[in-house]
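Here is upload_34.cif, consisting of mmCIF, C-alpha atoms:
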data_coords
loop_
_atom_site.group_PDB
_atom_site.id
_atom_site.type_symbol
_atom_site.label_atom_id
_atom_site.label_comp_id
_atom_site.auth_asym_id
_atom_site.auth_seq_id
_atom_site.Cartn_x
_atom_site.Cartn_y
_atom_site.Cartn_z
ATOM 1 C CA ARG C 241 0.000 0.000 0.000
ATOM 2 C CA ILE C 242 2.711 2.471 0.888
ATOM 3 C CA GLN C 243 4.323 2.003 -2.544
ATOM 4 C CA GLU C 244 1.071 3.153 -4.148
ATOM 5 C CA GLN C 245 1.565 6.473 -2.354
ATOM 6 C CA GLY C 246 4.936 6.990 -4.031
ATOM 7 C CA TYR C 247 7.263 5.708 -1.311
ATOM 8 C CA GLU C 248 10.214 3.478 -2.072
ATOM 9 C CA VAL C 249 10.036 0.213 -0.172
ATOM 10 C CA THR C 250 12.960 -2.161 0.331
ATOM 11 C CA VAL C 251 12.339 -5.481 2.041
ATOM 12 C CA PHE C 252 15.199 -7.603 3.352
ATOM 13 C CA ASP C 253 14.903 -11.291 4.147
ATOM 14 C CA ARG C 254 15.462 -12.046 7.816
ATOM 15 C CA ASN C 255 18.900 -13.514 8.250
ATOM 16 C CA PRO C 256 20.417 -14.862 11.488
ATOM 17 C CA ILE C 257 23.921 -13.770 10.443
ATOM 18 C CA PRO C 258 24.864 -10.670 12.508
ATOM 19 C CA GLN C 259 26.637 -8.972 9.595
ATOM 20 C CA HIS C 260 23.396 -8.931 7.613
ATOM 21 C CA GLU C 261 21.780 -6.577 10.134
ATOM 22 C CA LYS C 262 24.681 -4.153 9.703
ATOM 23 C CA GLU C 263 24.222 -4.294 5.930
ATOM 24 C CA VAL C 264 20.626 -3.163 6.379
ATOM 25 C CA ASP C 265 21.739 -0.376 8.757
ATOM 26 C CA ILE C 266 24.316 0.867 6.244
ATOM 27 C CA LYS C 267 21.887 0.821 3.321
ATOM 28 C CA LEU C 268 19.329 2.752 5.361
ATOM 29 C CA SER C 269 21.980 5.256 6.489
ATOM 30 C CA ILE C 270 23.008 5.880 2.873
ATOM 31 C CA SER C 271 19.387 6.412 1.889
ATOM 32 C CA ILE C 272 18.863 8.871 4.756
ATOM 33 C CA LEU C 273 22.029 10.792 3.870
ATOM 34 C CA LYS C 274 20.997 11.063 0.202
ATOM 35 C CA THR C 275 17.615 12.382 1.290
ATOM 36 C CA ILE C 276 19.140 14.947 3.646
ATOM 37 C CA VAL C 277 21.540 16.396 1.072
ATOM 38 C CA THR C 278 19.262 16.331 -1.989
ATOM 39 C CA ASN C 279 16.024 17.662 -0.495
ATOM 40 C CA ASN C 280 14.903 20.751 1.356
ATOM 41 C CA PRO C 281 14.649 20.243 5.117
ATOM 42 C CA GLY C 282 11.535 18.472 6.284
ATOM 43 C CA ILE C 283 10.665 15.814 8.817
ATOM 44 C CA LEU C 284 12.721 12.626 9.056
ATOM 45 C CA ILE C 285 10.870 9.813 10.820
ATOM 46 C CA LEU C 286 13.029 6.958 12.031
ATOM 47 C CA ILE C 287 11.827 3.839 13.827
ATOM 48 C CA SER C 288 14.755 2.053 15.398
ATOM 49 C CA GLY C 289 15.564 -0.056 18.411
ATOM 50 C CA ASP C 290 19.178 1.017 18.806
ATOM 51 C CA ARG C 291 21.566 3.961 18.569
ATOM 52 C CA ASP C 292 23.193 2.943 15.273
ATOM 53 C CA TYR C 293 21.525 5.857 13.511
ATOM 54 C CA THR C 294 22.717 8.599 15.882
ATOM 55 C CA PRO C 295 25.178 10.047 13.311
ATOM 56 C CA MET C 296 22.382 10.275 10.718
ATOM 57 C CA VAL C 297 20.049 11.957 13.206
ATOM 58 C CA GLU C 298 22.765 14.475 14.116
ATOM 59 C CA THR C 299 23.487 15.147 10.422
ATOM 60 C CA ALA C 300 19.791 15.693 9.705
ATOM 61 C CA MET C 301 19.478 18.126 12.612
ATOM 62 C CA GLU C 302 22.618 20.002 11.502
ATOM 63 C CA ASN C 303 20.896 20.436 8.124
ATOM 64 C CA ASN C 304 17.722 21.871 9.713
ATOM 65 C CA TRP C 305 15.618 18.727 9.506
ATOM 66 C CA ILE C 306 13.097 17.918 12.227
ATOM 67 C CA VAL C 307 13.703 14.372 13.425
ATOM 68 C CA GLN C 308 11.138 12.071 14.974
ATOM 69 C CA ASN C 309 12.853 9.038 16.441
ATOM 70 C CA TRP C 310 10.378 6.345 17.416
ATOM 71 C CA PHE C 311 11.642 3.532 19.615
ATOM 72 C CA TRP C 312 10.448 0.760 21.880
ATOM 73 C CA THR C 313 10.847 1.498 25.580
ATOM 74 C CA SER C 314 9.761 -1.875 26.917
ATOM 75 C CA GLY C 315 10.471 -4.676 24.506
ATOM 76 C CA MET C 316 7.842 -4.417 21.780
ATOM 77 C CA LYS C 317 5.109 -3.190 24.127
ATOM 78 C CA ILE C 318 5.425 0.606 24.207
ATOM 79 C CA LEU C 319 6.359 2.800 21.245
ATOM 80 C CA SER C 320 7.691 6.225 22.263
ATOM 81 C CA CYS C 321 8.805 9.207 20.249
ATOM 82 C CA TYR C 322 11.499 11.861 20.576
ATOM 83 C CA THR C 323 11.080 14.886 18.298
ATOM 84 C CA SER C 324 13.799 17.469 17.692
ATOM 85 C CA TYR C 325 13.019 21.103 16.836
#

Transcribe the structure of this file into structure tokens.
Amino acid sequence: RIQEQGYEVTVFDRNPIPQHEKEVDIKLSISILKTIVTNNPGILILISGDRDYTPMVETAMENNWIVQNWFWTSGMKILSCYTSY
């Protein structure tokens, strides 16, 4: 459904190899960086369970983007949000 609204969707197969998760993180980081430098500032929404994307969040904020970082505070039970202005 989201693709029908013009969004690019990339789906990765789940893989128990730890390096695969880092590959996904790197590909997402590259995509975020391209978006930050090729578009006017807007709102970047990131849903993540770790701090691997901190450099991307900092880069977005340095380039006047508003960042919403959604994360789980208690396993998968509670979804919280931090918004920068």

Resolved residues for the PyMOL selection byres ((chain C and resi 291-298) around 7) as an MDAnalysis selection string: chainID C and resid 269 273 290 299:302 307

Can you tell me how far atom CA of Asn255 of chain C sits from atom CA of Ile272 of chain C, in Å to one decimal?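 Going from atom CA of Asn255 of chain C over to atom CA of Ile272 of chain C, I get 22.7 Å.
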
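Atom CA of Ile287 of chain C is positioned 5.8 Å from atom CA of Phe311 of chain C.
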
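Compared by their closest atoms to Gly282 of chain C, and using only C-alpha atoms, the residues C:Asn303, C:Thr250, C:Lys262, C:Gln245 rank with C:Asn303 nearest.
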
Could you tell me, as a ChimeraX atom specification, exactly which residues end up selected when the PyMOL selection byres ((chain C and resi 283) around 8) is applied to this structure? /C:281-282,284-285,305-308

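Distance annotation: of C:Glu263, C:Ile276, C:Leu286, C:Leu268, the residue with the minimal separation from Glu248 of chain C is C:Leu268; atom set is all atoms listed in the file.
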
For atom CA of Gly289 of chain C and atom CA of Tyr247 of chain C, determine how far apart the two atoms are, in Å to one decimal place.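 Computing the Euclidean distance for atom CA of Gly289 of chain C and atom CA of Tyr247 of chain C yields 22.2 Å.
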